[in-house]
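Coordinates as given in query15.csv (CSV, C-alpha atoms and all ligand atoms):
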```csv
chain,number,residue,atom,x,y,z
A,1,MET,CA,-25.1,107.4,124.2
A,2,GLU,CA,-22.4,109.9,124.9
A,3,ALA,CA,-21.2,110.7,128.4
A,4,MET,CA,-20.4,114.3,129.2
A,5,CYS,CA,-19.1,116.3,132.1
A,6,PRO,CA,-22.0,117.9,133.9
A,7,ARG,CA,-19.9,121.0,134.9
A,8,CYS,CA,-18.2,122.0,131.7
A,9,GLY,CA,-19.9,119.8,129.1
A,10,ALA,CA,-16.8,118.2,127.8
A,11,PRO,CA,-17.1,114.7,126.4
A,12,ALA,CA,-16.1,112.1,128.9
A,13,ARG,CA,-15.0,108.6,128.3
A,14,LYS,CA,-17.2,106.1,130.2
A,15,VAL,CA,-14.2,104.9,132.1
A,16,ALA,CA,-12.8,108.3,133.0
A,17,ARG,CA,-12.4,109.1,136.7
A,18,PHE,CA,-12.0,112.8,136.2
A,19,CYS,CA,-13.1,115.3,133.5
A,20,ALA,CA,-10.1,115.9,131.2
A,21,ARG,CA,-11.0,119.5,130.8
A,22,CYS,CA,-12.2,120.8,134.2
A,23,GLY,CA,-11.1,118.0,136.6
A,24,LEU,CA,-14.5,117.3,138.1
A,25,ARG,CA,-14.5,113.9,139.8
A,26,LEU,CA,-16.8,111.5,138.0
A,27,GLU,CA,-18.4,108.5,139.6
A,28,HIS,CA,-19.1,105.0,138.3
A,29,GLY,CA,-22.1,102.7,138.7
A,30,PRO,CA,-22.0,99.0,139.6
A,31,ASP,CA,-21.3,98.1,136.0
A,32,GLY,CA,-18.2,100.3,136.1
A,33,LEU,CA,-19.6,102.8,133.6
A,34,LEU,CA,-19.7,106.5,134.2
A,35,ASP,CA,-22.9,107.3,136.1
A,36,ALA,CA,-24.3,110.8,136.2
A,37,GLY,CA,-26.4,110.2,139.2
A,38,ARG,CA,-23.4,109.9,141.5
A,39,VAL,CA,-21.6,113.1,140.6
A,40,PRO,CA,-22.2,115.5,143.5
A,41,HIS,CA,-23.3,119.0,142.6
A,42,PRO,CA,-21.3,121.9,144.3
A,43,HIS,CA,-24.6,123.6,145.2
A,44,PRO,CA,-27.3,120.9,145.6
A,45,VAL,CA,-30.9,122.0,145.9
A,46,PRO,CA,-31.9,120.8,149.4
A,47,PRO,CA,-35.0,118.6,149.6
A,48,PRO,CA,-38.1,119.6,151.7
A,49,PRO,CA,-38.4,117.9,155.1
A,50,ASN,CA,-39.3,114.2,155.1
A,51,TRP,CA,-37.9,113.4,151.7
A,52,ARG,CA,-35.4,110.5,151.8
A,53,ALA,CA,-32.2,109.9,150.0
A,54,VAL,CA,-32.2,107.6,146.9
A,55,ARG,CA,-29.6,104.8,147.4
A,56,GLN,CA,-26.5,104.8,145.3
A,57,ALA,CA,-27.2,108.3,144.2
A,58,THR,CA,-26.1,111.8,145.1
A,59,ASP,CA,-28.5,114.8,145.5
A,60,LEU,CA,-31.5,112.6,144.5
A,61,HIS,CA,-34.4,112.2,146.9
A,62,TYR,CA,-37.8,110.5,147.0
A,63,ARG,CA,-41.1,110.1,148.6
A,64,TRP,CA,-44.1,108.0,147.7
A,65,GLU,CA,-47.8,108.0,147.7
A,66,SER,CA,-50.7,106.0,146.3
A,67,ALA,CA,-51.6,106.6,142.7
A,68,TRP,CA,-54.5,108.9,143.7
A,69,GLY,CA,-52.4,110.8,146.2
A,70,GLY,CA,-53.8,109.4,149.4
A,71,GLU,CA,-52.2,107.6,152.3
A,72,PRO,CA,-48.8,105.9,151.5
A,73,ILE,CA,-50.2,102.4,151.8
A,74,LEU,CA,-49.5,100.1,149.0
A,75,GLY,CA,-51.4,97.1,147.8
A,76,THR,CA,-54.1,96.7,145.1
A,77,GLU,CA,-53.8,100.4,144.2
A,78,GLY,CA,-51.1,101.8,142.0
A,79,LEU,CA,-48.1,103.5,143.5
A,80,ALA,CA,-46.3,106.7,142.7
A,81,VAL,CA,-42.7,107.4,143.6
A,82,VAL,CA,-41.9,111.1,143.4
A,83,LEU,CA,-38.2,111.9,142.7
A,84,LEU,CA,-36.6,115.2,143.5
A,85,ASN,CA,-33.3,115.9,141.8
A,86,GLY,CA,-31.2,118.5,143.6
A,87,GLY,CA,-28.0,117.9,141.6
A,88,TYR,CA,-27.1,117.8,137.9
A,89,PRO,CA,-29.9,117.3,135.4
A,90,LEU,CA,-30.4,113.6,134.6
A,91,ARG,CA,-32.2,111.6,132.0
A,92,ASN,CA,-33.0,108.0,131.5
A,93,ALA,CA,-32.7,107.3,135.2
A,94,GLU,CA,-33.4,103.7,135.9
A,95,ILE,CA,-34.6,103.1,139.5
A,96,GLU,CA,-35.4,100.0,141.5
A,97,VAL,CA,-38.3,100.2,144.0
A,98,VAL,CA,-38.4,97.7,146.8
A,99,GLY,CA,-41.4,97.4,149.1
A,100,TYR,CA,-41.4,95.9,152.6
A,101,ASP,CA,-44.2,94.8,154.8
A,102,GLY,CA,-44.7,95.7,158.5
A,103,ASP,CA,-42.3,92.8,159.5
A,104,GLY,CA,-39.5,94.1,157.2
A,105,ARG,CA,-39.9,91.4,154.7
A,106,GLU,CA,-39.4,92.2,151.0
A,107,ARG,CA,-42.7,91.9,149.2
A,108,PHE,CA,-42.0,93.3,145.8
A,109,LYS,CA,-39.1,94.7,143.6
A,110,VAL,CA,-39.8,96.6,140.4
A,111,LYS,CA,-37.7,98.6,138.0
A,112,SER,CA,-38.9,101.9,136.5
A,113,LEU,CA,-37.5,104.6,134.3
A,114,ALA,CA,-37.6,108.4,134.7
A,115,TYR,CA,-36.9,109.9,131.3
A,116,GLU,CA,-36.1,113.4,132.6
A,117,LEU,CA,-35.0,114.5,136.0
A,118,PRO,CA,-34.4,118.2,135.8
A,119,ARG,CA,-32.5,119.9,138.5
A,120,GLY,CA,-34.7,121.4,141.3
A,121,ARG,CA,-38.0,119.8,140.0
A,122,ASP,CA,-39.9,116.8,141.3
A,123,VAL,CA,-40.9,114.1,138.9
A,124,ARG,CA,-43.6,111.5,139.5
A,125,VAL,CA,-42.9,107.9,138.4
A,126,GLU,CA,-46.0,105.6,138.4
A,127,VAL,CA,-45.8,101.9,139.3
A,128,PRO,CA,-48.9,100.2,138.0
A,129,SER,CA,-50.9,98.0,140.4
A,130,TYR,CA,-50.4,94.8,138.3
A,131,GLU,CA,-46.7,95.0,139.2
A,132,LEU,CA,-47.5,95.1,142.9
A,133,PRO,CA,-48.4,92.2,145.2
A,134,ASN,CA,-51.7,92.1,147.1
A,135,CYS,CA,-50.2,93.2,150.3
A,136,VAL,CA,-49.9,96.3,152.5
A,137,CYS,CA,-46.3,97.6,152.4
A,138,ARG,CA,-45.1,99.9,155.1
A,139,GLU,CA,-41.7,100.7,153.9
A,140,LEU,CA,-40.2,101.4,150.5
A,141,THR,CA,-36.7,102.0,149.3
A,142,VAL,CA,-35.5,103.5,146.0
A,143,THR,CA,-32.1,102.7,144.5
A,144,LEU,CA,-30.6,104.4,141.4
A,145,LEU,CA,-29.3,101.8,139.0
A,146,SER,CA,-28.1,104.1,136.3
A,147,ALA,CA,-28.6,107.5,134.7
A,148,GLU,CA,-27.3,109.7,132.0
A,149,PHE,CA,-26.4,113.4,132.1
A,150,GLY,CA,-29.2,115.6,131.1
A,151,SER,CA,-29.0,119.1,129.8
A,152,GLU,CA,-29.4,122.4,131.8
A,153,GLN,CA,-32.8,124.0,131.2
A,201,ZN,ZN,-15.6,119.1,133.0
```

Re-express the file's structure as structure tokens.
Amino acid sequence: MEAMCPRCGAPARKVARFCARCGLRLEHGPDGLLDAGRVPHPHPVPPPPNWRAVRQATDLHYRWESAWGGEPILGTEGLAVVLLNGGYPLRNAEIEVVGYDGDGRERFKVKSLAYELPRGRDVRVEVPSYELPNCVCRELTVTLLSAEFGSEQ
């Protein structure tokens, strides 16, 4: 997979700190590789109220709901995390979803993949119920593990 600068489209080495053509600062993930999800957009699309910031990401927000769109209480039902990307288009975004019970204890941790995260659009990521414990979780965090630059649409 080829990394590229989200502003000018120039190829970027995975270890580059700045784009060689336009000078945009490029960020790196925990593995040290260039990570598209951390490059701030100069004009990010603001999220609606009550959306929360995805951890280790820039301009990426989330909310969650049960798989059929009801109350955000997890358990035997499936879970949907909705991601809203206000920054550069992303693809193959790997996220980690962690659920906590009412006492703040971690009850589950699952990884999921969003194949396309276009700028300014929200994308639903389903977590099937068999990946979830039989508990009611009250709190949920989402962390971006890695992402690639997508293309403008
Ligand atoms: Zn550039």

May I ask you to write as a PyMOL selection string all residues lying at most 6 Å from ligand ZN 201 (chain A), with only C-alpha atoms and all ligand atoms counted?
-> chain A and resi 5+7-10+19+21-24

Can you pull out every residue within 6 Å of Ala36 in chain A, counting only C-alpha atoms, but drop anything in the same chain fewer than 4 positions away, and send it as a list in words?
->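 Surrounding residues, per the criterion: Ala147, Glu148 and Phe149 of chain A.
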
Among listed residues A:Pro133, A:Gly87, A:Pro11, A:Pro6, nearest Pro46 in chain A (using only C-alpha atoms) = A:Gly87

All residues 12 Å or closer to Val98 in chain A, only C-alpha atoms, same chain fewer than 2 positions away omitted, as a ChimeraX atom specification = /A:54-55,64,74,79,81,95-96,100-101,104-112,127,131-133,137-144

Which polymer residues have any atom within 12 Å of an atom of Tyr62 in chain A, counting all atoms listed in the file, with same-chain residues fewer than 4 positions away left out, as a ChimeraX atom specification?
-> /A:47-55,57-58,80-86,95,97,121-125,140-144

Taking (-30.9, 116.8, 128.6) in the file's coordinates as the center, which residues reach within 10 Å of it, counting all atoms listed in the file, put as a VMD selection string?
-> chain A and resid 89 to 92 115 to 118 148 to 153

Interatomic distance (Å, one decimal) between CA of Leu60 in chain A and CA of Lys14 in chain A = 21.2 Å

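Computed from the coordinates, the CA of Pro44 in chain A to CA of His28 in chain A distance equals 19.3 Å.
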
As a check of understanding: the span from CA of Arg63 in chain A to CA of Leu113 in chain A is 15.7 Å

Pick from A:Ala93, A:Leu145, A:Met4, A:Val15, whichever lies nearest to Leu33 in chain A using all atoms listed in the file =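 Between A:Ala93, A:Leu145, A:Met4, A:Val15, the residue approaching Leu33 in chain A most closely is A:Val15.
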
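For the residues A:Gln56, A:Arg13, A:Ala3, A:Pro128, ranking by smallest atom-to-atom distance to Gly29 in chain A using only C-alpha atoms places A:Gln56 first.
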
Output as a PDB file, in the coordinates of the input: range 117-132 of chain A, completed with N, CA and C atoms.
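Result written to part06.pdb:
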```pdb
ATOM      1  N   LEU A 117     -35.050 114.024 134.641  1.00  0.00           N
ATOM      2  CA  LEU A 117     -35.000 114.500 136.000  1.00  0.00           C
ATOM      3  C   LEU A 117     -34.317 115.836 136.054  1.00  0.00           C
ATOM      4  N   PRO A 118     -35.057 116.904 135.777  1.00  0.00           N
ATOM      5  CA  PRO A 118     -34.400 118.200 135.800  1.00  0.00           C
ATOM      6  C   PRO A 118     -33.984 118.614 137.177  1.00  0.00           C
ATOM      7  N   ARG A 119     -32.996 119.440 137.248  1.00  0.00           N
ATOM      8  CA  ARG A 119     -32.500 119.900 138.500  1.00  0.00           C
ATOM      9  C   ARG A 119     -33.564 120.792 139.215  1.00  0.00           C
ATOM     10  N   GLY A 120     -33.826 120.511 140.492  1.00  0.00           N
ATOM     11  CA  GLY A 120     -34.700 121.400 141.300  1.00  0.00           C
ATOM     12  C   GLY A 120     -36.198 121.111 141.059  1.00  0.00           C
ATOM     13  N   ARG A 121     -36.560 120.116 140.267  1.00  0.00           N
ATOM     14  CA  ARG A 121     -38.000 119.800 140.000  1.00  0.00           C
ATOM     15  C   ARG A 121     -38.277 118.400 140.470  1.00  0.00           C
ATOM     16  N   ASP A 122     -39.507 118.156 140.934  1.00  0.00           N
ATOM     17  CA  ASP A 122     -39.900 116.800 141.300  1.00  0.00           C
ATOM     18  C   ASP A 122     -40.625 116.147 140.122  1.00  0.00           C
ATOM     19  N   VAL A 123     -40.404 114.850 139.989  1.00  0.00           N
ATOM     20  CA  VAL A 123     -40.900 114.100 138.900  1.00  0.00           C
ATOM     21  C   VAL A 123     -41.621 112.842 139.447  1.00  0.00           C
ATOM     22  N   ARG A 124     -42.835 112.578 138.975  1.00  0.00           N
ATOM     23  CA  ARG A 124     -43.600 111.500 139.500  1.00  0.00           C
ATOM     24  C   ARG A 124     -43.417 110.244 138.565  1.00  0.00           C
ATOM     25  N   VAL A 125     -43.107 109.113 139.181  1.00  0.00           N
ATOM     26  CA  VAL A 125     -42.900 107.900 138.400  1.00  0.00           C
ATOM     27  C   VAL A 125     -43.993 106.888 138.932  1.00  0.00           C
ATOM     28  N   GLU A 126     -44.860 106.449 138.022  1.00  0.00           N
ATOM     29  CA  GLU A 126     -46.000 105.600 138.400  1.00  0.00           C
ATOM     30  C   GLU A 126     -45.525 104.108 138.325  1.00  0.00           C
ATOM     31  N   VAL A 127     -45.936 103.342 139.323  1.00  0.00           N
ATOM     32  CA  VAL A 127     -45.800 101.900 139.300  1.00  0.00           C
ATOM     33  C   VAL A 127     -47.168 101.300 139.239  1.00  0.00           C
ATOM     34  N   PRO A 128     -47.557 100.665 138.116  1.00  0.00           N
ATOM     35  CA  PRO A 128     -48.900 100.200 138.000  1.00  0.00           C
ATOM     36  C   PRO A 128     -49.226  99.061 138.985  1.00  0.00           C
ATOM     37  N   SER A 129     -50.511  98.944 139.360  1.00  0.00           N
ATOM     38  CA  SER A 129     -50.900  98.000 140.400  1.00  0.00           C
ATOM     39  C   SER A 129     -50.608  96.558 140.018  1.00  0.00           C
ATOM     40  N   TYR A 130     -50.602  96.244 138.698  1.00  0.00           N
ATOM     41  CA  TYR A 130     -50.400  94.800 138.300  1.00  0.00           C
ATOM     42  C   TYR A 130     -48.928  94.427 138.597  1.00  0.00           C
ATOM     43  N   GLU A 131     -48.046  95.383 138.859  1.00  0.00           N
ATOM     44  CA  GLU A 131     -46.700  95.000 139.200  1.00  0.00           C
ATOM     45  C   GLU A 131     -46.529  94.851 140.736  1.00  0.00           C
ATOM     46  N   LEU A 132     -47.589  95.134 141.468  1.00  0.00           N
ATOM     47  CA  LEU A 132     -47.500  95.100 142.900  1.00  0.00           C
ATOM     48  C   LEU A 132     -48.248  93.879 143.462  1.00  0.00           C
TER      49      LEU A 132
END
```
